[in-house]
file start28.csv (CSV, C-alpha atoms and all ligand atoms)
chain,number,residue,atom,x,y,z
X,962,MET,CA,23.0,92.0,-28.9
X,963,LEU,CA,21.4,88.9,-27.3
X,964,SER,CA,22.9,88.0,-24.0
X,965,SER,CA,24.5,84.5,-23.7
X,966,LYS,CA,21.7,83.6,-21.3
X,967,ARG,CA,19.1,84.6,-23.9
X,968,ILE,CA,21.0,82.8,-26.6
X,969,GLN,CA,20.9,79.6,-24.6
X,970,LYS,CA,17.2,79.9,-24.0
X,971,ALA,CA,16.5,80.8,-27.7
X,972,LEU,CA,18.4,77.7,-28.9
X,973,LYS,CA,16.0,75.5,-27.0
X,974,HIS,CA,13.6,76.2,-29.9
X,975,PRO,CA,13.3,73.0,-31.9
X,976,LYS,CA,15.4,72.9,-35.1
X,977,PRO,CA,13.1,73.4,-38.0
X,978,THR,CA,12.7,70.2,-40.0
X,979,PRO,CA,12.5,70.5,-42.9
X,980,PRO,CA,14.8,73.5,-42.8
X,981,TRP,CA,13.5,77.0,-43.5
X,982,GLY,CA,14.4,77.7,-47.1
X,983,ALA,CA,16.6,80.8,-47.7
X,984,GLU,CA,13.8,82.0,-50.1
X,985,PRO,CA,10.8,80.0,-48.8
X,986,LEU,CA,8.9,78.6,-51.7
X,987,LEU,CA,5.8,80.4,-50.7
X,988,GLY,CA,6.8,84.0,-49.9
X,989,SER,CA,3.4,85.2,-48.7
X,990,ILE,CA,0.6,83.6,-46.7
X,991,TYR,CA,-2.5,82.1,-48.1
X,992,GLY,CA,-5.8,81.7,-46.4
X,993,GLU,CA,-9.4,80.6,-47.1
X,994,GLU,CA,-10.0,84.0,-48.7
X,995,GLU,CA,-7.7,83.2,-51.6
X,996,ILE,CA,-9.3,79.8,-52.0
X,997,ASP,CA,-12.8,81.3,-52.0
X,998,ALA,CA,-11.7,84.0,-54.5
X,999,ALA,CA,-10.2,81.4,-56.9
X,1000,VAL,CA,-13.3,79.2,-56.7
X,1001,ALA,CA,-15.7,82.1,-57.3
X,1002,ALA,CA,-13.7,83.1,-60.4
X,1003,MET,CA,-13.9,79.5,-61.7
X,1004,ARG,CA,-17.6,79.2,-61.0
X,1005,ASP,CA,-18.1,82.5,-62.8
X,1006,SER,CA,-16.3,81.0,-65.8
X,1007,MET,CA,-18.6,78.0,-66.1
X,1008,ASP,CA,-21.1,80.1,-68.1
X,1009,PHE,CA,-20.6,79.2,-71.8
X,1010,LYS,CA,-21.3,82.8,-72.8
X,1011,LYS,CA,-18.5,84.0,-70.5
X,1012,GLY,CA,-15.8,81.5,-70.0
X,1013,PHE,CA,-12.6,82.9,-68.7
X,1014,GLY,CA,-13.0,85.8,-71.1
X,1015,PHE,CA,-10.5,88.3,-72.6
X,1016,SER,CA,-9.1,90.5,-69.9
X,1017,ALA,CA,-12.3,89.7,-68.0
X,1018,PRO,CA,-13.2,91.0,-64.5
X,1019,PRO,CA,-11.6,91.0,-62.1
X,1020,ILE,CA,-8.4,91.6,-64.1
X,1021,PRO,CA,-9.1,95.3,-64.6
X,1022,ASP,CA,-10.1,95.6,-61.0
X,1023,PHE,CA,-6.8,94.1,-59.9
X,1024,GLU,CA,-4.9,96.4,-62.2
X,1025,GLN,CA,-6.6,99.5,-60.9
X,1026,ALA,CA,-6.2,98.4,-57.3
X,1027,PHE,CA,-2.5,97.8,-57.9
X,1028,ALA,CA,-2.1,101.2,-59.6
X,1029,ARG,CA,-3.8,102.8,-56.7
X,1030,HIS,CA,-1.4,101.0,-54.3
X,1031,CYS,CA,1.6,102.3,-56.2
X,1032,GLY,CA,0.2,105.7,-56.9
X,1033,THR,CA,0.6,105.3,-60.6
X,1034,LYS,CA,-1.8,106.2,-63.4
X,1035,HIS,CA,-1.6,102.7,-64.9
X,1036,ALA,CA,-0.9,99.0,-64.1
X,1037,VAL,CA,-0.9,96.2,-66.7
X,1038,ALA,CA,-1.2,92.6,-65.5
X,1039,ILE,CA,1.0,90.0,-67.1
X,1040,ASN,CA,1.8,86.4,-66.7
X,1041,SER,CA,5.3,86.8,-65.1
X,1042,ALA,CA,7.9,89.5,-64.5
X,1043,GLY,CA,10.2,88.1,-67.2
X,1044,PRO,CA,8.0,89.1,-70.1
X,1045,GLY,CA,7.4,92.5,-68.5
X,1046,LEU,CA,11.2,93.1,-68.5
X,1047,ASP,CA,11.3,92.0,-72.2
X,1048,MET,CA,8.4,94.4,-73.0
X,1049,ALA,CA,10.3,97.2,-71.3
X,1050,MET,CA,13.4,96.6,-73.4
X,1051,ARG,CA,11.4,96.1,-76.6
X,1052,TYR,CA,9.6,99.4,-76.0
X,1053,LEU,CA,13.0,101.1,-76.4
X,1054,LYS,CA,13.4,99.7,-80.0
X,1055,LEU,CA,17.1,99.2,-79.5
X,1056,LYS,CA,19.4,99.4,-82.5
X,1057,ARG,CA,22.6,97.2,-82.8
X,1058,GLY,CA,25.1,98.6,-80.4
X,1059,ASP,CA,22.6,100.4,-78.2
X,1060,GLU,CA,23.6,100.1,-74.5
X,1061,VAL,CA,21.6,99.5,-71.3
X,1062,ILE,CA,23.2,99.8,-67.9
X,1063,VAL,CA,22.2,97.0,-65.6
X,1064,PRO,CA,23.6,96.0,-62.2
X,1065,ALA,CA,25.8,92.9,-62.3
X,1066,VAL,CA,24.7,91.9,-58.8
X,1067,ASN,CA,21.4,90.7,-60.1
X,1068,TYR,CA,19.1,87.9,-61.0
X,1069,GLN,CA,19.5,86.8,-64.6
X,1070,ALA,CA,16.2,88.1,-65.8
X,1071,SER,CA,16.9,91.8,-66.6
X,1072,PRO,CA,20.3,91.3,-68.3
X,1073,LEU,CA,18.7,88.6,-70.4
X,1074,ALA,CA,15.9,91.0,-71.4
X,1075,VAL,CA,18.6,93.4,-72.7
X,1076,LEU,CA,20.1,90.7,-74.8
X,1077,GLY,CA,16.7,89.5,-76.0
X,1078,ALA,CA,15.9,92.9,-77.3
X,1079,GLY,CA,19.2,93.1,-79.2
X,1080,GLY,CA,20.8,95.5,-76.8
X,1081,LYS,CA,24.3,95.6,-75.3
X,1082,ILE,CA,24.6,94.9,-71.6
X,1083,VAL,CA,26.8,97.4,-69.7
X,1084,TRP,CA,27.3,96.2,-66.2
X,1085,GLY,CA,27.0,98.8,-63.4
X,1086,ASP,CA,28.7,98.3,-60.1
X,1087,ILE,CA,26.8,98.5,-56.8
X,1088,ASP,CA,26.9,100.6,-53.7
X,1089,PRO,CA,28.6,98.4,-51.0
X,1090,ARG,CA,26.1,99.4,-48.3
X,1091,THR,CA,22.8,99.1,-50.1
X,1092,PHE,CA,23.8,96.5,-52.8
X,1093,GLU,CA,21.9,98.8,-55.3
X,1094,LEU,CA,23.1,100.1,-58.6
X,1095,ASP,CA,25.5,102.9,-57.9
X,1096,PRO,CA,24.6,106.2,-59.6
X,1097,HIS,CA,28.2,107.3,-59.7
X,1098,ASP,CA,29.3,104.2,-61.6
X,1099,VAL,CA,26.3,104.6,-63.9
X,1100,GLU,CA,27.4,108.1,-64.7
X,1101,ARG,CA,30.9,106.9,-65.5
X,1102,LYS,CA,29.5,104.3,-67.9
X,1103,ILE,CA,27.1,106.4,-69.9
X,1104,THR,CA,28.0,106.8,-73.6
X,1105,PRO,CA,26.2,108.4,-76.5
X,1106,ARG,CA,24.7,104.9,-77.1
X,1107,THR,CA,23.2,104.5,-73.6
X,1108,ARG,CA,19.4,104.0,-74.0
X,1109,ALA,CA,18.3,103.0,-70.5
X,1110,ILE,CA,19.3,102.7,-66.9
X,1111,PHE,CA,17.9,99.4,-65.6
X,1112,PRO,CA,18.2,99.0,-61.8
X,1113,VAL,CA,16.8,96.1,-59.8
X,1114,HIS,CA,15.2,97.1,-56.5
X,1115,MET,CA,17.6,94.7,-54.8
X,1116,ASN,CA,16.2,92.2,-52.2
X,1117,GLY,CA,13.3,94.5,-51.3
X,1118,LEU,CA,15.0,97.9,-51.0
X,1119,SER,CA,14.4,100.6,-53.5
X,1120,ALA,CA,17.1,101.5,-56.0
X,1121,PRO,CA,18.2,105.2,-55.6
X,1122,MET,CA,15.7,106.3,-58.2
X,1123,ASP,CA,16.0,110.1,-57.8
X,1124,ASP,CA,19.8,109.9,-58.3
X,1125,LEU,CA,19.5,107.6,-61.2
X,1126,ILE,CA,16.8,109.7,-62.9
X,1127,ALA,CA,19.0,112.8,-62.3
X,1128,VAL,CA,22.0,111.0,-64.0
X,1129,GLY,CA,19.7,110.1,-67.0
X,1130,LYS,CA,18.6,113.8,-67.3
X,1131,ARG,CA,22.2,115.1,-67.2
X,1132,HIS,CA,23.2,112.9,-70.2
X,1133,PRO,CA,20.3,113.0,-72.6
X,1134,HIS,CA,20.5,110.8,-75.7
X,1135,GLU,CA,20.9,112.8,-78.8
X,1136,LYS,CA,17.8,111.5,-80.4
X,1137,HIS,CA,15.7,110.1,-77.5
X,1138,GLY,CA,16.3,112.7,-74.9
X,1139,PRO,CA,16.8,112.0,-71.1
X,1140,ILE,CA,17.8,108.4,-70.5
X,1141,PRO,CA,14.9,106.6,-69.0
X,1142,VAL,CA,15.1,104.6,-65.7
X,1143,ILE,CA,13.3,101.3,-65.8
X,1144,GLY,CA,12.9,99.3,-62.5
X,1145,ASP,CA,12.9,95.6,-61.9
X,1146,ALA,CA,10.9,95.3,-58.7
X,1147,ALA,CA,10.3,91.6,-58.7
X,1148,ARG,CA,11.6,91.3,-55.1
X,1149,ALA,CA,10.3,94.7,-53.9
X,1150,CYS,CA,6.5,94.7,-54.0
X,1151,GLY,CA,5.2,96.8,-51.1
X,1152,GLY,CA,8.5,98.7,-50.5
X,1153,GLY,CA,8.7,102.4,-50.2
X,1154,TYR,CA,10.9,105.3,-51.4
X,1155,LYS,CA,10.8,108.9,-50.3
X,1156,GLY,CA,7.1,109.0,-49.6
X,1157,THR,CA,6.2,107.0,-52.7
X,1158,ARG,CA,5.7,103.3,-53.2
X,1159,ILE,CA,8.2,101.3,-55.3
X,1160,GLY,CA,6.7,101.3,-58.8
X,1161,LYS,CA,6.0,105.0,-58.9
X,1162,LYS,CA,9.4,106.5,-59.9
X,1163,GLY,CA,11.0,106.0,-63.3
X,1164,LEU,CA,9.5,105.3,-66.8
X,1165,MET,CA,8.1,102.0,-65.8
X,1166,THR,CA,8.5,99.3,-63.2
X,1167,VAL,CA,8.0,95.5,-63.4
X,1168,PHE,CA,6.7,93.4,-60.5
X,1169,SER,CA,6.7,89.6,-60.0
X,1170,PHE,CA,4.0,87.6,-58.3
X,1171,HIS,CA,6.0,84.4,-58.5
X,1172,THR,CA,5.4,82.0,-55.7
X,1173,MET,CA,8.5,83.1,-53.7
X,1174,LYS,CA,7.8,86.8,-53.9
X,1175,ASN,CA,6.2,89.2,-51.4
X,1176,MET,CA,2.8,88.4,-52.8
X,1177,THR,CA,1.8,85.8,-55.3
X,1178,THR,CA,-1.1,85.1,-57.8
X,1179,LEU,CA,-1.2,81.3,-57.7
X,1180,GLY,CA,2.5,80.9,-58.2
X,1181,GLU,CA,3.0,83.0,-61.3
X,1182,GLY,CA,2.1,86.5,-62.4
X,1183,GLY,CA,3.4,90.0,-62.8
X,1184,MET,CA,2.5,93.7,-63.3
X,1185,VAL,CA,3.9,96.7,-65.1
X,1186,THR,CA,3.3,100.1,-63.5
X,1187,THR,CA,3.7,103.4,-65.3
X,1188,ASP,CA,2.5,107.0,-65.4
X,1189,ASP,CA,3.2,107.1,-69.1
X,1190,ASP,CA,0.2,106.6,-71.5
X,1191,GLU,CA,2.3,105.5,-74.4
X,1192,VAL,CA,4.1,102.8,-72.3
X,1193,GLU,CA,0.8,101.6,-71.0
X,1194,LYS,CA,-0.7,101.3,-74.4
X,1195,PHE,CA,2.4,99.5,-75.6
X,1196,CYS,CA,2.4,96.9,-72.8
X,1197,ARG,CA,-1.3,96.4,-72.9
X,1198,SER,CA,-1.1,95.7,-76.6
X,1199,VAL,CA,2.1,93.5,-76.8
X,1200,ARG,CA,0.9,91.3,-73.9
X,1201,MET,CA,-1.5,90.0,-76.5
X,1202,TYR,CA,0.3,90.0,-79.9
X,1203,GLY,CA,0.7,93.8,-80.3
X,1204,ALA,CA,-1.8,94.7,-83.0
X,1205,ALA,CA,-2.8,98.1,-81.5
X,1206,VAL,CA,0.8,99.3,-81.7
X,1207,GLU,CA,1.9,97.2,-84.7
X,1208,ALA,CA,4.7,95.7,-82.7
X,1209,TRP,CA,5.9,92.2,-82.2
X,1210,GLY,CA,4.0,90.5,-79.3
X,1211,THR,CA,3.0,87.2,-78.0
X,1212,SER,CA,0.6,86.1,-75.3
X,1213,ASN,CA,1.6,87.2,-71.8
X,1214,VAL,CA,-1.8,87.6,-70.2
X,1215,MET,CA,-2.8,86.9,-66.6
X,1216,THR,CA,-5.9,84.8,-66.0
X,1217,LYS,CA,-9.0,86.1,-64.1
X,1218,VAL,CA,-8.5,83.4,-61.4
X,1219,GLN,CA,-5.0,84.8,-60.7
X,1220,ALA,CA,-6.3,88.3,-60.6
X,1221,ALA,CA,-9.1,87.3,-58.2
X,1222,VAL,CA,-6.4,85.9,-55.9
X,1223,GLY,CA,-4.2,88.9,-56.5
X,1224,LEU,CA,-6.8,91.2,-55.2
X,1225,VAL,CA,-7.0,89.3,-51.9
X,1226,GLN,CA,-3.2,89.1,-51.7
X,1227,LEU,CA,-2.9,92.9,-52.4
X,1228,GLY,CA,-5.2,93.5,-49.5
X,1229,LYS,CA,-2.9,91.6,-47.2
X,1230,LEU,CA,0.4,93.0,-48.7
X,1231,ASP,CA,0.9,95.8,-46.2
X,1232,GLY,CA,0.5,93.3,-43.4
X,1233,PHE,CA,3.1,91.0,-45.0
X,1234,ILE,CA,5.5,93.8,-45.3
X,1235,ALA,CA,4.8,95.0,-41.7
X,1236,ALA,CA,5.6,91.5,-40.5
X,1237,ARG,CA,8.8,91.3,-42.5
X,1238,ARG,CA,9.9,94.7,-41.2
X,1239,ARG,CA,9.1,93.9,-37.6
X,1240,LEU,CA,11.2,90.7,-37.8
X,1241,ALA,CA,14.0,92.5,-39.6
X,1242,LYS,CA,14.1,95.4,-37.1
X,1243,ALA,CA,14.1,92.9,-34.2
X,1244,ARG,CA,17.0,91.1,-35.8
X,1245,ASP,CA,18.9,94.3,-36.3
X,1246,GLU,CA,18.7,94.8,-32.5
X,1247,MET,CA,19.4,91.2,-31.5
X,1248,LEU,CA,22.5,91.2,-33.8
X,1249,ASP,CA,23.7,94.8,-32.9
X,1250,GLY,CA,27.2,94.5,-31.5
X,1251,LEU,CA,28.0,91.3,-33.3
X,1252,LYS,CA,31.0,93.0,-34.9
X,1253,GLU,CA,31.5,90.5,-37.8
X,1254,VAL,CA,28.0,90.8,-39.1
X,1255,THR,CA,26.8,94.0,-40.9
X,1256,THR,CA,23.0,93.9,-40.9
X,1257,PRO,CA,20.9,95.4,-43.8
X,1258,TYR,CA,21.2,99.1,-44.3
X,1259,GLU,CA,18.0,101.1,-44.8
X,1260,PRO,CA,18.7,104.6,-46.2
X,1261,ARG,CA,16.7,107.5,-44.8
X,1262,GLY,CA,13.4,107.8,-46.7
X,1263,SER,CA,13.4,104.2,-47.9
X,1264,GLU,CA,11.1,101.6,-46.6
X,1265,HIS,CA,12.8,98.2,-47.1
X,1266,SER,CA,10.3,95.4,-47.8
X,1267,TYR,CA,12.9,92.8,-46.6
X,1268,TYR,CA,12.2,90.3,-49.3
X,1269,LEU,CA,15.7,89.1,-48.1
X,1270,TYR,CA,17.6,89.9,-45.0
X,1271,THR,CA,21.0,90.6,-46.5
X,1272,CYS,CA,24.1,90.6,-44.3
X,1273,LEU,CA,27.8,91.0,-44.8
X,1274,VAL,CA,30.9,89.4,-43.1
X,1275,PRO,CA,34.2,91.3,-42.9
X,1276,LYS,CA,36.7,91.3,-45.8
X,1277,GLU,CA,38.9,88.7,-44.0
X,1278,TRP,CA,35.9,86.3,-43.9
X,1279,ALA,CA,35.0,86.7,-47.6
X,1280,GLY,CA,34.4,83.4,-49.4
X,1281,GLU,CA,35.3,80.3,-47.3
X,1282,LYS,CA,34.4,81.6,-43.8
X,1283,ARG,CA,31.1,83.1,-45.1
X,1284,ASP,CA,30.3,79.8,-46.8
X,1285,ARG,CA,31.0,77.9,-43.5
X,1286,ILE,CA,28.6,80.1,-41.6
X,1287,MET,CA,25.9,79.4,-44.3
X,1288,GLN,CA,26.6,75.7,-44.1
X,1289,MET,CA,26.4,75.6,-40.3
X,1290,MET,CA,23.2,77.6,-40.3
X,1291,ALA,CA,21.6,75.0,-42.6
X,1292,ASP,CA,23.0,71.8,-41.2
X,1293,GLU,CA,23.0,72.5,-37.5
X,1294,PHE,CA,20.2,74.9,-37.1
X,1295,GLY,CA,17.8,74.2,-40.1
X,1296,ILE,CA,18.0,77.8,-41.3
X,1297,CYS,CA,19.1,78.2,-44.9
X,1298,CYS,CA,20.9,81.2,-46.3
X,1299,VAL,CA,21.5,82.3,-49.9
X,1300,VAL,CA,24.0,84.5,-51.7
X,1301,ALA,CA,21.6,86.8,-53.6
X,1302,ASN,CA,23.2,87.4,-56.0
X,1303,ARG,CA,26.6,86.7,-57.3
X,1304,PRO,CA,27.5,88.9,-60.3
X,1305,ALA,CA,25.3,87.6,-63.1
X,1306,TYR,CA,28.3,87.2,-65.4
X,1307,LEU,CA,29.7,84.6,-63.0
X,1308,SER,CA,26.5,82.7,-62.8
X,1309,ARG,CA,25.3,82.6,-66.4
X,1310,LYS,CA,27.7,81.7,-69.2
X,1311,LEU,CA,25.6,83.4,-71.8
X,1312,LEU,CA,25.9,86.6,-70.0
X,1313,ALA,CA,29.6,86.2,-69.5
X,1314,GLN,CA,30.1,85.5,-73.3
X,1315,ASN,CA,28.2,88.7,-74.1
X,1316,THR,CA,30.0,90.9,-71.7
X,1317,LYS,CA,33.6,89.8,-72.2
X,1318,GLY,CA,36.2,92.2,-70.6
X,1319,GLN,CA,33.7,93.8,-68.2
X,1320,ARG,CA,34.6,93.1,-64.5
X,1321,LEU,CA,33.3,94.9,-61.5
X,1322,PRO,CA,35.6,95.2,-58.5
X,1323,VAL,CA,33.0,96.2,-55.9
X,1324,SER,CA,30.4,93.7,-57.0
X,1325,GLU,CA,32.8,90.8,-56.8
X,1326,ALA,CA,34.3,91.8,-53.5
X,1327,ILE,CA,30.9,92.4,-51.8
X,1328,THR,CA,29.2,89.3,-53.1
X,1329,ALA,CA,32.1,87.2,-51.6
X,1330,ARG,CA,31.0,88.6,-48.2
X,1331,LEU,CA,27.2,88.7,-48.7
X,1332,PHE,CA,24.6,86.2,-47.4
X,1333,CYS,CA,20.9,86.4,-46.9
X,1334,VAL,CA,19.3,84.8,-43.9
X,1335,SER,CA,15.8,83.2,-44.3
X,1336,ILE,CA,13.0,85.6,-43.4
X,1337,HIS,CA,9.3,85.1,-43.9
X,1338,PRO,CA,6.1,86.9,-42.6
X,1339,ALA,CA,4.8,83.8,-41.0
X,1340,MET,CA,7.9,83.5,-38.6
X,1341,ASP,CA,7.1,84.2,-35.0
X,1342,ASP,CA,9.2,86.0,-32.5
X,1343,ALA,CA,10.6,82.8,-30.8
X,1344,LEU,CA,11.8,81.5,-34.2
X,1345,ASN,CA,13.3,84.9,-35.0
X,1346,GLU,CA,15.2,84.9,-31.8
X,1347,TYR,CA,16.4,81.3,-32.4
X,1348,ILE,CA,17.7,82.4,-35.9
X,1349,CYS,CA,19.7,85.3,-34.3
X,1350,ALA,CA,21.0,83.0,-31.6
X,1351,ALA,CA,22.0,80.5,-34.2
X,1352,LEU,CA,23.8,83.1,-36.3
X,1353,ILE,CA,25.7,84.5,-33.3
X,1354,THR,CA,26.7,81.0,-32.3
X,1355,CYS,CA,28.1,80.3,-35.8
X,1356,VAL,CA,29.9,83.6,-36.0
X,1357,GLU,CA,31.5,83.1,-32.5
X,1358,ARG,CA,32.6,79.6,-33.5
X,1359,ILE,CA,34.3,80.9,-36.7
X,1360,ARG,CA,35.9,83.7,-34.6
X,1361,LYS,CA,37.4,81.2,-32.3
X,1362,GLY,CA,38.8,79.4,-35.3
X,1363,GLY,CA,36.3,76.5,-35.1
X,1401,LIG,C1,12.0,86.5,-59.5
X,1401,LIG,C2,12.7,87.6,-60.2
X,1401,LIG,C3,12.4,87.8,-61.6
X,1401,LIG,C4,11.5,87.0,-62.4
X,1401,LIG,O1,10.2,87.0,-62.0
X,1401,LIG,P1,9.2,86.0,-62.7
X,1401,LIG,O2,7.9,86.5,-62.3
X,1401,LIG,O3,9.5,84.6,-62.2
X,1401,LIG,O4,9.4,86.1,-64.2
X,1401,LIG,C5,13.0,88.9,-62.2
X,1401,LIG,N1,13.9,89.7,-61.5
X,1401,LIG,C6,14.2,89.5,-60.2
X,1401,LIG,C7,15.2,90.4,-59.5
X,1401,LIG,C8,13.7,88.4,-59.5
X,1401,LIG,O5,14.0,88.2,-58.2

call {"tool": "encode", "arguments": {"input": "start28.csv", "output": "structure tokens"}}
result
Amino acid sequence: MLSSKRIQKALKHPKPTPPWGAEPLLGSIYGEEEIDAAVAAMRDSMDFKKGFGFSAPPIPDFEQAFARHCGTKHAVAINSAGPGLDMAMRYLKLKRGDEVIVPAVNYQASPLAVLGAGGKIVWGDIDPRTFELDPHDVERKITPRTRAIFPVHMNGLSAPMDDLIAVGKRHPHEKHGPIPVIGDAARACGGGYKGTRIGKKGLMTVFSFHTMKNMTTLGEGGMVTTDDDEVEKFCRSVRMYGAAVEAWGTSNVMTKVQAAVGLVQLGKLDGFIAARRRLAKARDEMLDGLKEVTTPYEPRGSEHSYYLYTCLVPKEWAGEKRDRIMQMMADEFGICCVVANRPAYLSRKLLAQNTKGQRLPVSEAITARLFCVSIHPAMDDALNEYICAALITCVERIRKGG
């Protein structure tokens, strides 16, 4: 842990004004290369015979580069992760009463996709160390109606894909066979799992290039990765009205300007993740020994992308004391924190109404203790040390009853 001398020195760093957002509104870094790529794509479109085209270059180039990055056979570019999650659920052709197991500690997008496709949400509980969907709880919740296991790669760490896939294989659906695992990797672009990149394991994976994420294509955008030819054909078709598979579709296409920028961002992604990892590992060390704060856990074989730096306070500090730490960090030190995420049935009424009677003890207890401290690849070492010194100061104040 930082010595009191180093804490004092680190706190001489000016207080960031405006404060660092808990999830900074630009999650990556842009340079002149992105601007040049966007302008070149626009210039190329000024030709009347060309325009912006239908799936015009460099969209296929971006898709192929992204597939190579993930080690998958296919990647399909889309306008946002949300529609990709919808496509994944529509691919299942759910019948009334069909169930999809999705973690409650989650953003609203994937459970909404289950509802949108006419499925029944079955909440899965989380592993209290990783905050990922717990395979044991999934196994308990499988029924003959279970059609998919739908983990989110929470806050940048991979879900336990091999274990979830094994559960799906142990309990095949009578008609559809092994239960597929579909990943929401909106927060986990660039992370790794057992020698693979996030996006490789499972039937399909959905990524987001929203402005806050690990990389962004001009603020919006997304990608679906898969090794399955049928899934690829389905997604490629339904992202533009679905004629080739005679399924319902709408327009969910990415523009060539976004793809041009995406290619540049993808080239920088490893660097962004390396920066996030370096900051996170330095934090782990600087906070090591601060007994009231559990720093993020990285299971062996996983490469956390640290979209968020997720910490826990002890049981006795759940709720109010955790909230006071977050408040102090923001007000006094200009470093915002966020609870990512409370159980989705507590944050969205629509989800609560559709999952009446389902409560998750681990998810509720853990999310009363959880908070994520602002992290961003553009932070320098002095700021990182300031953030740790600030957190130690807040925790010590609470400890002393202040
Ligand atoms: C951001 C996010 C989404 C939505 O991504 P969009 O590209 O904005 O649609 C979905 N799931 C999770 C976990 C997210 O964090």

call {"tool": "residues_around", "arguments": {"input": "start28.csv", "residues": "range 1165-1171 of chain X", "least_positions_apart": "5", "cutoff": "8 Å", "atoms": "all atoms listed in the file", "output": "VMD selection string"}}
result
chain X and resid 1041 to 1042 1045 to 1046 1049 1142 to 1150 1160 1176 to 1189 1192

call {"tool": "write_last_selection", "arguments": {"input": "start28.csv", "atoms": "C-alpha atoms", "output": "mmCIF file, keeping the file's coordinate frame"}}
result
data_model
loop_
_atom_site.group_PDB
_atom_site.id
_atom_site.type_symbol
_atom_site.label_atom_id
_atom_site.label_comp_id
_atom_site.auth_asym_id
_atom_site.auth_seq_id
_atom_site.Cartn_x
_atom_site.Cartn_y
_atom_site.Cartn_z
ATOM 1 C CA SER X 1041 5.300 86.800 -65.100
ATOM 2 C CA ALA X 1042 7.900 89.500 -64.500
ATOM 3 C CA GLY X 1045 7.400 92.500 -68.500
ATOM 4 C CA LEU X 1046 11.200 93.100 -68.500
ATOM 5 C CA ALA X 1049 10.300 97.200 -71.300
ATOM 6 C CA VAL X 1142 15.100 104.600 -65.700
ATOM 7 C CA ILE X 1143 13.300 101.300 -65.800
ATOM 8 C CA GLY X 1144 12.900 99.300 -62.500
ATOM 9 C CA ASP X 1145 12.900 95.600 -61.900
ATOM 10 C CA ALA X 1146 10.900 95.300 -58.700
ATOM 11 C CA ALA X 1147 10.300 91.600 -58.700
ATOM 12 C CA ARG X 1148 11.600 91.300 -55.100
ATOM 13 C CA ALA X 1149 10.300 94.700 -53.900
ATOM 14 C CA CYS X 1150 6.500 94.700 -54.000
ATOM 15 C CA GLY X 1160 6.700 101.300 -58.800
ATOM 16 C CA MET X 1176 2.800 88.400 -52.800
ATOM 17 C CA THR X 1177 1.800 85.800 -55.300
ATOM 18 C CA THR X 1178 -1.100 85.100 -57.800
ATOM 19 C CA LEU X 1179 -1.200 81.300 -57.700
ATOM 20 C CA GLY X 1180 2.500 80.900 -58.200
ATOM 21 C CA GLU X 1181 3.000 83.000 -61.300
ATOM 22 C CA GLY X 1182 2.100 86.500 -62.400
ATOM 23 C CA GLY X 1183 3.400 90.000 -62.800
ATOM 24 C CA MET X 1184 2.500 93.700 -63.300
ATOM 25 C CA VAL X 1185 3.900 96.700 -65.100
ATOM 26 C CA THR X 1186 3.300 100.100 -63.500
ATOM 27 C CA THR X 1187 3.700 103.400 -65.300
ATOM 28 C CA ASP X 1188 2.500 107.000 -65.400
ATOM 29 C CA ASP X 1189 3.200 107.100 -69.100
ATOM 30 C CA VAL X 1192 4.100 102.800 -72.300
#

call {"tool": "atom_distance", "arguments": {"input": "start28.csv", "atom1": "CA of Ser1335 in chain X", "atom2": "CA of Lys1162 in chain X"}}
result
28.8 Å

call {"tool": "closest_residue", "arguments": {"input": "start28.csv", "among": "X:Ser965, X:Asn1067, X:Ser1006, X:Gln1025", "to": "ligand LIG 1401 (chain X)", "atoms": "all atoms listed in the file"}}
result
X:Asn1067

call {"tool": "residues_around", "arguments": {"input": "start28.csv", "residues": "Val1075 in chain X", "least_positions_apart": "5", "cutoff": "9 Å", "atoms": "all atoms listed in the file", "output": "PyMOL selection string"}}
result
chain X and resi 1046-1047+1050-1051+1060-1061+1063+1080-1082

call {"tool": "write_last_selection", "arguments": {"input": "start28.csv", "atoms": "C-alpha atoms", "output": "PDB file, in the coordinates of the input"}}
result
ATOM      1  CA  LEU X1046      11.200  93.100 -68.500  1.00  0.00           C
ATOM      2  CA  ASP X1047      11.300  92.000 -72.200  1.00  0.00           C
ATOM      3  CA  MET X1050      13.400  96.600 -73.400  1.00  0.00           C
ATOM      4  CA  ARG X1051      11.400  96.100 -76.600  1.00  0.00           C
ATOM      5  CA  GLU X1060      23.600 100.100 -74.500  1.00  0.00           C
ATOM      6  CA  VAL X1061      21.600  99.500 -71.300  1.00  0.00           C
ATOM      7  CA  VAL X1063      22.200  97.000 -65.600  1.00  0.00           C
ATOM      8  CA  GLY X1080      20.800  95.500 -76.800  1.00  0.00           C
ATOM      9  CA  LYS X1081      24.300  95.600 -75.300  1.00  0.00           C
ATOM     10  CA  ILE X1082      24.600  94.900 -71.600  1.00  0.00           C
TER      11      ILE X1082
END

call {"tool": "residues_around", "arguments": {"input": "start28.csv", "residues": "range 990-1005 of chain X", "least_positions_apart": "4", "cutoff": "9 Å", "atoms": "all atoms listed in the file", "output": "ChimeraX atom specification"}}
result
/X:1011-1013,1018-1019,1176-1177,1217-1226,1229,1233,1338-1339

call {"tool": "closest_residue", "arguments": {"input": "start28.csv", "among": "X:Arg1303, X:Arg1197, X:Lys1361, X:His1114", "to": "ligand LIG 1401 (chain X)", "atoms": "only C-alpha atoms and all ligand atoms"}}
result
X:His1114

call {"tool": "residues_around", "arguments": {"input": "start28.csv", "residues": "range 1099-1106 of chain X", "least_positions_apart": "2", "cutoff": "8 Å", "atoms": "only C-alpha atoms", "output": "list in words"}}
result
Gly1058, Asp1059, Glu1060, Ile1062, Val1083, Gly1085, Asp1086, Leu1094, Asp1095, Pro1096, His1097, Arg1108, Ile1110, Leu1125, Val1128, His1132, His1134 and Glu1135 of chain X
